[in-house]
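Novice: Quick one: the structure is below, questions incoming.
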Amino acid sequence: MVGSLRRAARTAAKFPRALNDARCAVALNELCSTDPRKLDRAARRGRVHAFYNKWRELEVARCRLGRESYASAVAILTRFGYPDKAREMWDEMRGKDVHPTAGGYTSMLVAAAREGDVDGALRLWKEMKADGHRPSVRAYNSMMHLFIVTGDTTGRVEQLADAMERDGVPKNEHTFSHLLRAARSYDRFRAVVEGMCQAGLEPTTVNINAALKGAPTPELCDRMLQFAMGLGVPTDIGTYNALISRYRACGAQRRAVALIPRIPHAFDSYTYNLLIFCCVDLTAAPNDESYKLAESLAAHAWAAEAFTHRTALGAVSLYAKHNQVARAMQVRSSVDLGGSATAGRITELITEACARIGEPPPPQLLRRGPREAA
């Protein structure tokens, strides 16, 4: 008890005059001003812990924590990857009958989008408009992103774009990326690109990659890329990763494999992984062309230090498909999988291969390492 009073006294000394709501918000924002994308998980967790300490200090000092402070709190927690904590802070604010700011609503929309909570986002959207706040471009972009990642693109993204025009909210590059991602026809794709140019924005590699990720057919992917390259938009390895991913999703694995000699960029781990799984889909017998190509890709990934857990899963999938348990076990033992989900999937694949050939699983397959046991 005495210790708590002493801490409260020290905290009060830091704030001889209770800060008003706006100054509390500034203090919180200054504490967490670093871009969380530049921090690792432990550093982000440390910043959030420091935020809660500062919040408690402000409460002890009887500072006026109002709508601006809560808006900053929700934004910080969302930005640092804690949408559930942002929701708790939002509920606390509403429980105190504090009316949210437009920025607070926008931050909660971002949190809902990251959690894939369509119903919650729509409810917040209606509340925001009922409170007399005009949605910002970030709010519109968050809603578009939510509808895209949840697969609900049946006209909703375009409806939001129309609403932006009615509200006089200018579109930015992120808006056009979402519109391109939602484009389901070549004509719509060209119309969005032309709209970008009319808005004074040049199509970028990021925009074109977004369009490729949403294209429903390989043919549309090819036409989009050809049109973009005709405009002088540069490509990167992400462009070809998007192509390969869409080809595989559409069942055009051979088309994906045929891209290999035409890719003008160094492969990253994602490229190797995508192509290996395409080969696994295609291979019909040990040592056929697709089988050999998958092995070659895995070897190149290893040499390029791009061999990841996902690469190991692809290689094991190849060998397990042909019931080559010994080779699958060699791959498994070459990578420290720890207790990852990939380790569990690899164990399942090898166990299934053993069952098909009527052999018991190797003893070392069921033996857990120290990290798995932990």
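A note on labels: chains of the structure tokens are A, B, ... as shown, every chain counts residues from 1, and ligands are counted from 1 in their shown order.
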Give me, as a Markdown table, each residue of range 200-265 of chain A that comes within 10 Å of range 178-193 of chain A, together with its shortest interatomic pair and the distance in Å at one decimal, counting only C-alpha atoms, with rows ordered by chain and rising residue number.
Specialist:
| residue | atom | partner | partner_atom | distance |
| --- | --- | --- | --- | --- |
| A:Leu201 | CA | A:Val193 | CA | 9.2 |
| A:Glu202 | CA | A:Val193 | CA | 8.5 |
| A:Pro203 | CA | A:Val193 | CA | 6.8 |
| A:Asn207 | CA | A:Leu180 | CA | 7.0 |
| A:Ile208 | CA | A:Leu180 | CA | 7.5 |
| A:Asn209 | CA | A:Arg181 | CA | 8.5 |
| A:Ala210 | CA | A:Arg181 | CA | 5.0 |
| A:Ala211 | CA | A:Arg181 | CA | 4.3 |
| A:Leu212 | CA | A:Arg181 | CA | 7.1 |
| A:Lys213 | CA | A:Arg181 | CA | 6.5 |
| A:Gly214 | CA | A:Arg181 | CA | 4.7 |
| A:Ala215 | CA | A:Arg184 | CA | 6.1 |
| A:Pro216 | CA | A:Arg184 | CA | 6.5 |
| A:Thr217 | CA | A:Arg184 | CA | 9.0 |
| A:Glu219 | CA | A:Tyr186 | CA | 9.8 |
| A:Leu220 | CA | A:Tyr186 | CA | 6.5 |
| A:Cys221 | CA | A:Tyr186 | CA | 9.1 |
| A:Arg223 | CA | A:Tyr186 | CA | 7.4 |
| A:Met224 | CA | A:Tyr186 | CA | 7.0 |
| A:Phe227 | CA | A:Arg190 | CA | 8.4 |
| A:Ala228 | CA | A:Val193 | CA | 9.1 |
Novice: The selected residues should be written to file as a PDB file, in the first residue's frame (atoms: N, CA, C and O atoms).
Specialist:
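Written output follows (selection_8.pdb):
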ATOM      1  N   LEU A 201      -2.133  10.143 -60.676  1.00  0.00           N
ATOM      2  CA  LEU A 201      -1.317   9.089 -60.073  1.00  0.00           C
ATOM      3  C   LEU A 201      -0.835   8.130 -61.158  1.00  0.00           C
ATOM      4  O   LEU A 201      -1.627   7.665 -61.983  1.00  0.00           O
ATOM      5  N   GLU A 202       0.455   7.845 -61.153  1.00  0.00           N
ATOM      6  CA  GLU A 202       1.008   6.897 -62.108  1.00  0.00           C
ATOM      7  C   GLU A 202       0.880   5.478 -61.560  1.00  0.00           C
ATOM      8  O   GLU A 202       1.211   5.223 -60.399  1.00  0.00           O
ATOM      9  N   PRO A 203       0.389   4.538 -62.362  1.00  0.00           N
ATOM     10  CA  PRO A 203       0.327   3.145 -61.889  1.00  0.00           C
ATOM     11  C   PRO A 203       1.721   2.648 -61.505  1.00  0.00           C
ATOM     12  O   PRO A 203       2.694   2.893 -62.223  1.00  0.00           O
ATOM     13  N   ASN A 207       0.578  -1.493 -57.526  1.00  0.00           N
ATOM     14  CA  ASN A 207      -0.794  -1.494 -58.038  1.00  0.00           C
ATOM     15  C   ASN A 207      -1.039  -2.691 -58.961  1.00  0.00           C
ATOM     16  O   ASN A 207      -2.061  -3.377 -58.852  1.00  0.00           O
ATOM     17  N   ILE A 208      -0.102  -2.921 -59.868  1.00  0.00           N
ATOM     18  CA  ILE A 208      -0.274  -4.015 -60.829  1.00  0.00           C
ATOM     19  C   ILE A 208      -0.228  -5.364 -60.124  1.00  0.00           C
ATOM     20  O   ILE A 208      -1.002  -6.275 -60.436  1.00  0.00           O
ATOM     21  N   ASN A 209       0.657  -5.508 -59.148  1.00  0.00           N
ATOM     22  CA  ASN A 209       0.712  -6.761 -58.389  1.00  0.00           C
ATOM     23  C   ASN A 209      -0.614  -7.027 -57.689  1.00  0.00           C
ATOM     24  O   ASN A 209      -1.074  -8.173 -57.597  1.00  0.00           O
ATOM     25  N   ALA A 210      -1.231  -5.959 -57.163  1.00  0.00           N
ATOM     26  CA  ALA A 210      -2.535  -6.109 -56.507  1.00  0.00           C
ATOM     27  C   ALA A 210      -3.584  -6.603 -57.495  1.00  0.00           C
ATOM     28  O   ALA A 210      -4.405  -7.470 -57.166  1.00  0.00           O
ATOM     29  N   ALA A 211      -3.549  -6.067 -58.706  1.00  0.00           N
ATOM     30  CA  ALA A 211      -4.512  -6.496 -59.724  1.00  0.00           C
ATOM     31  C   ALA A 211      -4.331  -7.966 -60.071  1.00  0.00           C
ATOM     32  O   ALA A 211      -5.301  -8.717 -60.202  1.00  0.00           O
ATOM     33  N   LEU A 212      -3.071  -8.392 -60.202  1.00  0.00           N
ATOM     34  CA  LEU A 212      -2.801  -9.783 -60.560  1.00  0.00           C
ATOM     35  C   LEU A 212      -3.289 -10.738 -59.466  1.00  0.00           C
ATOM     36  O   LEU A 212      -3.781 -11.834 -59.765  1.00  0.00           O
ATOM     37  N   LYS A 213      -3.157 -10.329 -58.204  1.00  0.00           N
ATOM     38  CA  LYS A 213      -3.578 -11.197 -57.103  1.00  0.00           C
ATOM     39  C   LYS A 213      -5.079 -11.454 -57.104  1.00  0.00           C
ATOM     40  O   LYS A 213      -5.540 -12.459 -56.554  1.00  0.00           O
ATOM     41  N   GLY A 214      -5.843 -10.544 -57.705  1.00  0.00           N
ATOM     42  CA  GLY A 214      -7.297 -10.717 -57.706  1.00  0.00           C
ATOM     43  C   GLY A 214      -7.869 -11.222 -59.011  1.00  0.00           C
ATOM     44  O   GLY A 214      -9.079 -11.470 -59.100  1.00  0.00           O
ATOM     45  N   ALA A 215      -7.043 -11.370 -60.033  1.00  0.00           N
ATOM     46  CA  ALA A 215      -7.542 -11.795 -61.345  1.00  0.00           C
ATOM     47  C   ALA A 215      -8.110 -13.213 -61.275  1.00  0.00           C
ATOM     48  O   ALA A 215      -7.461 -14.116 -60.760  1.00  0.00           O
ATOM     49  N   PRO A 216      -9.310 -13.426 -61.818  1.00  0.00           N
ATOM     50  CA  PRO A 216      -9.946 -14.753 -61.679  1.00  0.00           C
ATOM     51  C   PRO A 216      -9.468 -15.800 -62.674  1.00  0.00           C
ATOM     52  O   PRO A 216      -9.724 -16.988 -62.479  1.00  0.00           O
ATOM     53  N   THR A 217      -8.769 -15.393 -63.753  1.00  0.00           N
ATOM     54  CA  THR A 217      -8.325 -16.363 -64.753  1.00  0.00           C
ATOM     55  C   THR A 217      -6.877 -16.077 -65.165  1.00  0.00           C
ATOM     56  O   THR A 217      -6.430 -14.926 -65.108  1.00  0.00           O
ATOM     57  N   GLU A 219      -5.755 -16.048 -68.158  1.00  0.00           N
ATOM     58  CA  GLU A 219      -5.799 -15.194 -69.344  1.00  0.00           C
ATOM     59  C   GLU A 219      -5.898 -13.723 -68.963  1.00  0.00           C
ATOM     60  O   GLU A 219      -5.227 -12.868 -69.557  1.00  0.00           O
ATOM     61  N   LEU A 220      -6.705 -13.432 -67.940  1.00  0.00           N
ATOM     62  CA  LEU A 220      -6.832 -12.046 -67.493  1.00  0.00           C
ATOM     63  C   LEU A 220      -5.520 -11.564 -66.879  1.00  0.00           C
ATOM     64  O   LEU A 220      -5.112 -10.414 -67.078  1.00  0.00           O
ATOM     65  N   CYS A 221      -4.844 -12.439 -66.145  1.00  0.00           N
ATOM     66  CA  CYS A 221      -3.527 -12.088 -65.590  1.00  0.00           C
ATOM     67  C   CYS A 221      -2.580 -11.659 -66.701  1.00  0.00           C
ATOM     68  O   CYS A 221      -1.895 -10.631 -66.599  1.00  0.00           O
ATOM     69  N   ARG A 223      -3.228 -10.562 -69.750  1.00  0.00           N
ATOM     70  CA  ARG A 223      -3.628  -9.310 -70.398  1.00  0.00           C
ATOM     71  C   ARG A 223      -3.318  -8.111 -69.506  1.00  0.00           C
ATOM     72  O   ARG A 223      -2.864  -7.067 -69.985  1.00  0.00           O
ATOM     73  N   MET A 224      -3.554  -8.264 -68.208  1.00  0.00           N
ATOM     74  CA  MET A 224      -3.236  -7.179 -67.272  1.00  0.00           C
ATOM     75  C   MET A 224      -1.744  -6.852 -67.299  1.00  0.00           C
ATOM     76  O   MET A 224      -1.345  -5.684 -67.371  1.00  0.00           O
ATOM     77  N   PHE A 227      -0.669  -5.170 -70.562  1.00  0.00           N
ATOM     78  CA  PHE A 227      -1.104  -3.768 -70.609  1.00  0.00           C
ATOM     79  C   PHE A 227      -0.216  -2.908 -69.719  1.00  0.00           C
ATOM     80  O   PHE A 227       0.211  -1.812 -70.107  1.00  0.00           O
ATOM     81  N   ALA A 228       0.082  -3.377 -68.516  1.00  0.00           N
ATOM     82  CA  ALA A 228       0.906  -2.618 -67.580  1.00  0.00           C
ATOM     83  C   ALA A 228       2.316  -2.407 -68.123  1.00  0.00           C
ATOM     84  O   ALA A 228       2.884  -1.311 -68.030  1.00  0.00           O
TER      85      ALA A 228
END
Novice: Work out how far CA of Ser142 in chain A is from CA of His49 in chain A, in Å to one decimal.
Specialist: 26.2 Å
Novice: What separation in Å, quoted to one decimal, exists between CA of His99 in chain A and CA of Leu160 in chain A?
Specialist: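 Going from CA of His99 in chain A over to CA of Leu160 in chain A, I get 25.2 Å.
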Novice: When you count only C-alpha atoms, which of these residues is closest to Glu57 in chain A: A:Leu19, A:Val110, A:Ile76, A:Ala42?
Specialist: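 The shortest atom-to-atom distance to Glu57 in chain A comes from A:Leu19.
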Novice: Write out as a PyMOL selection string the residues lying within 9 Å of Asn172 in chain A, counting only C-alpha atoms and excluding same-chain residues fewer than 2 positions away.
Specialist: chain A and resi 137+170+174-177+196+199+201
Novice: One number please: CA of Ala130 in chain A to CA of Thr101 in chain A, in Å, one decimal.
Specialist: 12.4 Å
Novice: Which residues, written as a list in words, have at least one atom at most 10 Å from Arg356 in chain A, with only C-alpha atoms counted and residues fewer than 3 positions away on the same chain left out?
Specialist: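 The residues satisfying every condition are Ala320, His322, Asn323, Ile350, Thr351, Glu352, Ala353 and Glu359 of chain A.
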